[in-house]
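Containing mmCIF, C-alpha atoms: upload.cif.
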```cif
data_structure
#
loop_
_atom_site.label_atom_id
_atom_site.label_comp_id
_atom_site.auth_asym_id
_atom_site.auth_seq_id
_atom_site.Cartn_x
_atom_site.Cartn_y
_atom_site.Cartn_z
CA MET T 1 -22.69 -12.26 19.13
CA PRO T 2 -19.44 -11.82 17.17
CA ASN T 3 -17.37 -8.77 17.97
CA ARG T 4 -16.40 -6.14 15.41
CA SER T 5 -13.13 -7.85 14.41
CA GLU T 6 -14.81 -11.27 14.05
CA LYS T 7 -17.59 -9.76 11.93
CA ARG T 8 -15.08 -8.04 9.63
CA LEU T 9 -13.01 -11.23 9.31
CA SER T 10 -16.18 -13.15 8.37
CA ASP T 11 -17.00 -10.53 5.74
CA PHE T 12 -13.45 -10.78 4.44
CA LYS T 13 -13.76 -14.55 3.92
CA VAL T 14 -17.06 -14.15 2.07
CA GLY T 15 -15.63 -11.41 -0.12
CA ALA T 16 -12.51 -13.43 -0.85
CA TYR T 17 -14.50 -16.47 -2.02
CA ARG T 18 -16.76 -14.35 -4.21
CA SER T 19 -13.87 -12.60 -5.94
CA VAL T 20 -12.42 -14.66 -8.76
CA SER T 21 -9.58 -12.21 -9.26
CA ALA T 22 -8.70 -11.04 -5.75
CA ILE T 23 -4.99 -11.31 -6.35
CA THR T 24 -4.81 -10.01 -9.90
CA LEU T 25 -6.77 -6.88 -9.10
CA PHE T 26 -4.66 -6.08 -6.00
CA LEU T 27 -5.37 -3.62 -3.24
CA LEU T 28 -5.14 0.06 -2.50
CA ILE T 29 -1.86 1.74 -3.45
CA ALA T 30 -0.82 2.01 -7.08
CA VAL T 31 1.98 3.43 -9.11
CA GLY T 32 0.17 6.74 -9.71
CA SER T 33 -3.50 7.72 -9.87
CA SER T 34 -5.88 6.50 -12.55
CA ALA T 35 -8.31 8.81 -14.28
CA ALA T 36 -11.12 7.42 -12.11
CA GLU T 37 -9.11 8.05 -8.95
CA GLN T 38 -8.49 11.65 -9.97
CA LYS T 39 -12.26 12.20 -10.15
CA SER T 40 -12.77 11.21 -6.51
CA PRO T 41 -13.48 14.07 -4.10
CA ALA T 42 -10.48 15.79 -2.61
CA ALA T 43 -9.84 14.25 0.80
CA SER T 44 -8.67 15.96 3.92
CA ALA T 45 -7.19 13.87 6.72
CA SER T 46 -8.73 16.11 9.35
CA SER T 47 -12.21 17.19 10.32
CA SER T 48 -13.64 19.78 12.69
CA THR T 49 -15.58 17.07 14.56
CA TRP T 50 -13.31 14.05 14.20
CA LYS T 51 -11.04 13.06 17.09
CA TYR T 52 -8.36 10.51 16.34
CA ASP T 53 -8.98 7.14 18.02
CA ALA T 54 -5.88 4.96 17.85
CA GLY T 55 -7.67 2.08 19.56
CA ASN T 56 -10.34 2.08 16.90
CA ALA T 57 -7.65 2.16 14.22
CA ARG T 58 -5.96 -0.89 15.73
CA ASP T 59 -9.28 -2.75 15.58
CA ILE T 60 -9.71 -1.81 11.93
CA LEU T 61 -6.18 -2.95 11.12
CA GLU T 62 -7.04 -6.42 12.39
CA THR T 63 -9.25 -6.74 9.32
CA CYS T 64 -6.74 -5.13 6.95
CA ALA T 65 -4.03 -7.45 8.28
CA ALA T 66 -5.52 -10.47 6.54
CA CYS T 67 -4.15 -9.09 3.26
CA HIS T 68 -1.86 -6.20 4.13
CA GLY T 69 -0.05 -7.63 7.15
CA LYS T 70 -0.40 -6.91 10.86
CA SER T 71 1.75 -3.78 10.52
CA GLY T 72 0.54 -2.75 7.08
CA GLU T 73 3.70 -4.14 5.52
CA GLY T 74 1.89 -5.86 2.67
CA GLY T 75 1.35 -9.54 2.04
CA LYS T 76 2.12 -12.51 -0.16
CA GLN T 77 5.45 -11.10 -1.36
CA GLY T 78 3.75 -8.05 -2.80
CA ALA T 79 0.45 -9.42 -4.05
CA TYR T 80 -0.97 -6.95 -1.54
CA PRO T 81 0.93 -3.66 -1.23
CA ARG T 82 2.58 -2.01 1.72
CA LEU T 83 0.39 0.63 3.36
CA ALA T 84 2.56 1.48 6.37
CA GLY T 85 4.12 4.92 6.18
CA LEU T 86 2.08 6.21 3.25
CA ASN T 87 0.70 9.72 3.45
CA GLU T 88 -2.52 9.82 5.49
CA VAL T 89 -4.32 12.20 3.14
CA TYR T 90 -3.49 9.95 0.20
CA LEU T 91 -4.68 6.87 2.09
CA ALA T 92 -7.94 8.54 3.12
CA ARG T 93 -8.56 9.68 -0.45
CA GLN T 94 -8.10 6.18 -1.83
CA LEU T 95 -10.43 4.67 0.76
CA ARG T 96 -13.09 7.22 -0.13
CA ALA T 97 -12.60 6.40 -3.80
CA PHE T 98 -13.18 2.73 -3.05
CA LYS T 99 -16.34 3.60 -1.13
CA THR T 100 -17.78 5.71 -3.97
CA ARG T 101 -16.61 3.13 -6.54
CA SER T 102 -14.72 5.85 -8.41
CA ARG T 103 -11.82 3.48 -7.95
CA ILE T 104 -12.87 -0.09 -8.70
CA ASN T 105 -11.43 -2.93 -6.65
CA ILE T 106 -13.67 -5.94 -6.13
CA PRO T 107 -11.84 -7.39 -3.09
CA MET T 108 -12.42 -4.11 -1.25
CA TYR T 109 -16.21 -4.17 -1.77
CA PRO T 110 -17.06 -5.92 1.54
CA TYR T 111 -15.13 -3.32 3.55
CA ALA T 112 -15.40 -0.06 1.62
CA THR T 113 -18.95 0.72 2.68
CA GLU T 114 -20.50 3.26 5.03
CA ARG T 115 -21.41 0.48 7.47
CA GLU T 116 -17.99 -1.14 7.61
CA LEU T 117 -15.88 1.98 7.09
CA PRO T 118 -17.70 5.16 8.13
CA PRO T 119 -15.99 8.57 7.72
CA ASP T 120 -14.27 8.61 11.12
CA ASP T 121 -12.93 5.10 10.55
CA VAL T 122 -11.38 6.24 7.27
CA LEU T 123 -9.57 9.03 9.07
CA ASP T 124 -8.50 6.82 11.99
CA ILE T 125 -6.98 4.03 9.90
CA ALA T 126 -5.35 6.46 7.46
CA ARG T 127 -3.57 8.27 10.26
CA TYR T 128 -2.62 5.07 12.07
CA LEU T 129 -1.08 3.49 8.97
CA SER T 130 0.77 6.70 8.08
CA GLN T 131 2.49 6.71 11.47
CA ILE T 132 3.80 3.14 11.30
CA GLU T 133 7.57 3.02 10.89
CA LEU T 134 8.61 -0.40 9.71
CA THR T 135 11.84 -1.83 11.07
CA THR T 136 14.16 -2.39 8.11
CA GLN T 137 17.38 -3.43 9.86
CA MET T 138 18.10 -6.23 12.34
CA PRO T 139 18.95 -4.80 15.77
CA VAL T 140 21.91 -5.95 17.84
CA LEU T 141 20.65 -9.05 19.65
CA ASP T 142 21.48 -10.27 23.12
CA PRO T 143 23.66 -13.40 22.74
CA LYS T 144 21.60 -15.03 25.49
CA MET T 145 18.36 -14.56 23.57
CA GLY T 146 16.58 -17.76 22.60
CA ALA T 147 16.07 -18.93 19.04
CA TYR T 148 12.34 -18.24 19.10
CA GLU T 149 12.80 -14.66 20.26
CA ARG T 150 15.42 -14.12 17.55
CA LEU T 151 13.02 -15.51 14.96
CA LYS T 152 10.21 -13.17 16.03
CA ILE T 153 12.51 -10.15 15.75
CA ALA T 154 13.75 -11.27 12.34
CA GLN T 155 10.20 -11.78 11.10
CA ALA T 156 9.32 -8.22 12.09
CA VAL T 157 12.07 -6.74 9.91
CA PHE T 158 10.59 -5.37 6.68
CA ASN T 159 12.81 -5.96 3.71
CA VAL T 160 12.23 -5.55 0.00
CA PRO T 161 14.62 -8.05 -1.61
CA GLY T 162 17.31 -6.50 -3.76
CA VAL T 163 16.84 -6.45 -7.52
CA LYS T 164 19.66 -7.23 -9.92
CA GLY T 165 20.15 -3.98 -11.72
CA ASP T 166 22.19 -0.80 -11.86
CA ILE T 167 21.00 1.29 -8.90
CA ALA T 168 22.77 4.43 -10.10
CA GLN T 169 21.22 4.14 -13.54
CA GLY T 170 17.87 3.41 -11.93
CA ALA T 171 18.18 6.59 -9.88
CA GLU T 172 18.67 8.60 -13.07
CA ILE T 173 15.64 7.00 -14.69
CA TYR T 174 13.60 7.64 -11.58
CA GLN T 175 14.51 11.31 -11.43
CA GLU T 176 13.72 11.78 -15.11
CA GLU T 177 10.46 9.85 -15.25
CA CYS T 178 9.03 9.67 -11.72
CA GLY T 179 10.64 12.18 -9.37
CA GLU T 180 8.54 15.19 -10.28
CA CYS T 181 5.37 13.51 -8.99
CA HIS T 182 6.58 10.93 -6.48
CA GLY T 183 9.29 12.98 -4.77
CA ASP T 184 13.07 13.10 -4.99
CA GLU T 185 13.52 9.66 -3.43
CA GLY T 186 10.11 8.10 -3.99
CA TRP T 187 8.34 8.77 -0.70
CA GLY T 188 5.23 10.28 -2.29
CA ASP T 189 2.91 12.93 -0.86
CA GLU T 190 -0.78 13.78 -0.52
CA ASP T 191 -1.38 13.29 -4.25
CA THR T 192 0.90 10.42 -5.19
CA PRO T 193 1.80 7.13 -3.49
CA GLN T 194 5.11 6.12 -2.07
CA LEU T 195 7.17 3.96 -4.42
CA ALA T 196 10.31 3.64 -2.31
CA GLY T 197 10.19 0.54 -0.17
CA GLN T 198 7.11 -0.79 -1.94
CA HIS T 199 7.11 -4.45 -2.95
CA THR T 200 8.82 -4.93 -6.30
CA TYR T 201 6.31 -7.56 -7.43
CA TYR T 202 3.46 -5.12 -6.86
CA LEU T 203 5.26 -2.39 -8.79
CA ARG T 204 5.95 -4.76 -11.69
CA VAL T 205 2.30 -5.72 -11.98
CA GLN T 206 1.04 -2.14 -11.86
CA ILE T 207 3.55 -0.91 -14.43
CA GLU T 208 2.61 -3.75 -16.74
CA LYS T 209 -1.05 -2.75 -16.41
CA TYR T 210 -0.19 0.79 -17.43
CA ARG T 211 1.92 -0.42 -20.36
CA THR T 212 -0.83 -2.69 -21.68
CA GLY T 213 -3.66 -0.25 -21.09
CA LYS T 214 -5.36 -2.35 -18.42
CA ARG T 215 -4.98 0.61 -16.12
CA GLY T 216 -5.29 4.16 -17.37
CA SER T 217 -4.10 7.55 -16.22
CA ASP T 218 -3.46 10.76 -18.12
CA ASP T 219 -0.25 11.23 -16.14
CA MET T 220 0.98 7.70 -16.87
CA ASP T 221 -0.01 7.33 -20.52
CA GLY T 222 3.07 6.61 -22.64
CA LEU T 223 5.40 7.05 -19.67
CA PHE T 224 7.00 3.64 -20.09
CA ASP T 225 7.00 3.47 -23.89
CA GLU T 226 10.67 4.34 -24.17
CA LEU T 227 11.83 2.18 -21.25
CA ASN T 228 13.04 -1.30 -22.09
CA ALA T 229 13.18 -4.30 -19.75
CA GLY T 230 16.68 -3.38 -18.59
CA ASP T 231 15.61 0.16 -17.76
CA LEU T 232 12.77 -1.13 -15.64
CA GLU T 233 15.03 -3.55 -13.77
CA ASN T 234 17.37 -0.66 -12.98
CA LEU T 235 14.41 1.39 -11.78
CA PHE T 236 13.19 -1.46 -9.57
CA ALA T 237 16.72 -1.93 -8.21
CA TYR T 238 16.82 1.72 -7.18
CA LEU T 239 13.39 1.70 -5.55
CA ALA T 240 14.12 -1.53 -3.69
CA SER T 241 17.23 0.04 -2.20
CA ARG T 242 15.46 3.08 -0.70
CA ASP T 243 14.51 1.48 2.62
CA ASP T 244 17.88 -0.15 3.31
#
```
Structure rendered as structure tokens:
Amino acid sequence: MPNRSEKRLSDFKVGAYRSVSAITLFLLIAVGSSAAEQKSPAASASSSTWKYDAGNARDILETCAACHGKSGEGGKQGAYPRLAGLNEVYLARQLRAFKTRSRINIPMYPYATERELPPDDVLDIARYLSQIELTTQMPVLDPKMGAYERLKIAQAVFNVPGVKGDIAQGAEIYQEECGECHGDEGWGDEDTPQLAGQHTYYLRVQIEKYRTGKRGSDDMDGLFDELNAGDLENLFAYLASRDD
């Protein structure tokens, strides 16, 4: 009989083949909350009966890792967003929204169910992901360390590639357009997702969806109308620099 991780991985493969737009729809964290997301029930990351189980969370992450990386760092150069370090209440709220289908995401259908992700699992994985601190700088290495060991350490370093743009100008645009909701430096909170250190490709796609109306939100409507391509590149340059 397959164990829990094997069963979830099997479900993942089935869901992936059935979804004709698994990459274009993307997963979980977005640049703001859509109108549908805002209708989802308010989520608390704690419960009077729930007791945090880190071991259970690690098992759950084995399934998430197929798309979001083994440390929640995201995958495929931003096709799947970073989850590590995001606010646990925000994460739990989004998972509940997927389960109730108040936030639609076809690739999440096989996992966002009561059977695969019951209430305590939502709380466990949300807390676990929120506590992950990604390494963003190479440590000082022992000169005697072998090439393979060096490679493993380098692969574990999370790095959003720099964007060619004016970081200072991007910071001004961020403060004017985004800072009130997403925080002074883009780290988000219980109501809004972290933008700092998120994959630039993912941010580009989500912003384009808002600009073209493919994704809607009262808070985001018209927000980018006065920003040209250069403004956006400066904004991306600033956000990409936040985890350096």
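Here CA of Asp243 (chain T) and CA of Lys70 (chain T) stand 19.0 Å from one another.
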| remark: note - CA of Gly222 (chain T) and CA of Ile173 (chain T) are separated by 14.9 Å
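Residue membership of the PyMOL selection byres ((chain T and resi 170) around 7) in the shown file amounts to Asp166, Ile167, Ala168, Gln169, Ala171, Glu172, Ile173, Tyr174, Asn234, Leu235, Ala237 and Tyr238 of chain T.
We find CA of Val122 (chain T) and CA of Lys99 (chain T) to be spaced 10.1 Å apart.
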| request: Counting only C-alpha atoms, select every polymer residue within 9 Å of (11.8, 10.2, -4.5) as defined in the file's coordinates, and provide the selection as a PyMOL selection string. | output: chain T and resi 174-175+178-188+194-196+239+242
| request: Name every residue that the PyMOL selection byres ((chain T and resi 152-162) around 8) selects in this structure, writing the answer as a PyMOL selection string with chains first and numbers rising. | output: chain T and resi 73+134-138+148-151+163-164+197-200+237+240-241+243-244
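Counting only C-alpha atoms and comparing T:Asp189, T:Arg103, T:Leu227, T:Tyr128, the residue that lies closest to Ser71 (chain T) is T:Tyr128.
The nearest approach to Ala92 (chain T) among the residues T:Leu61, T:Leu203, T:Leu123, T:Leu232, with all atoms listed in the file taken into account, belongs to T:Leu123.
If all atoms listed in the file are the atoms counted, then among T:Ile125, T:Arg115, T:Asn105, T:Phe98 the closest residue to Cys64 (chain T) is T:Ile125.
Minimum atom-to-atom distances from T:Phe224, T:Leu95, T:Arg215, T:His68 to Ala112 (chain T) were compared using only C-alpha atoms, and the lowest value belongs to T:Leu95.
Compared by their closest atoms to Leu223 (chain T), and using all atoms listed in the file, the residues T:Tyr210, T:Tyr52, T:Phe236, T:Tyr202 rank with T:Tyr210 nearest.
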Report the centre and edge lengths, in Å to one decimal, of an axis-aligned box enclosing every atom of region 81-100 of chain T listed in the file, padded by 4 Å on each side, as JSON.
```
{"center_x": -6.8, "center_y": 4.3, "center_z": 1.2, "size_x": 29.9, "size_y": 23.9, "size_z": 18.3}
```
| message | Running the PyMOL selection byres ((chain T and resi 82) around 6) on this model by hand, what would come out? Give it as a list in words. | response | Gly72, Glu73, Gly74, Pro81, Leu83, Ala84 and Gln198 of chain T
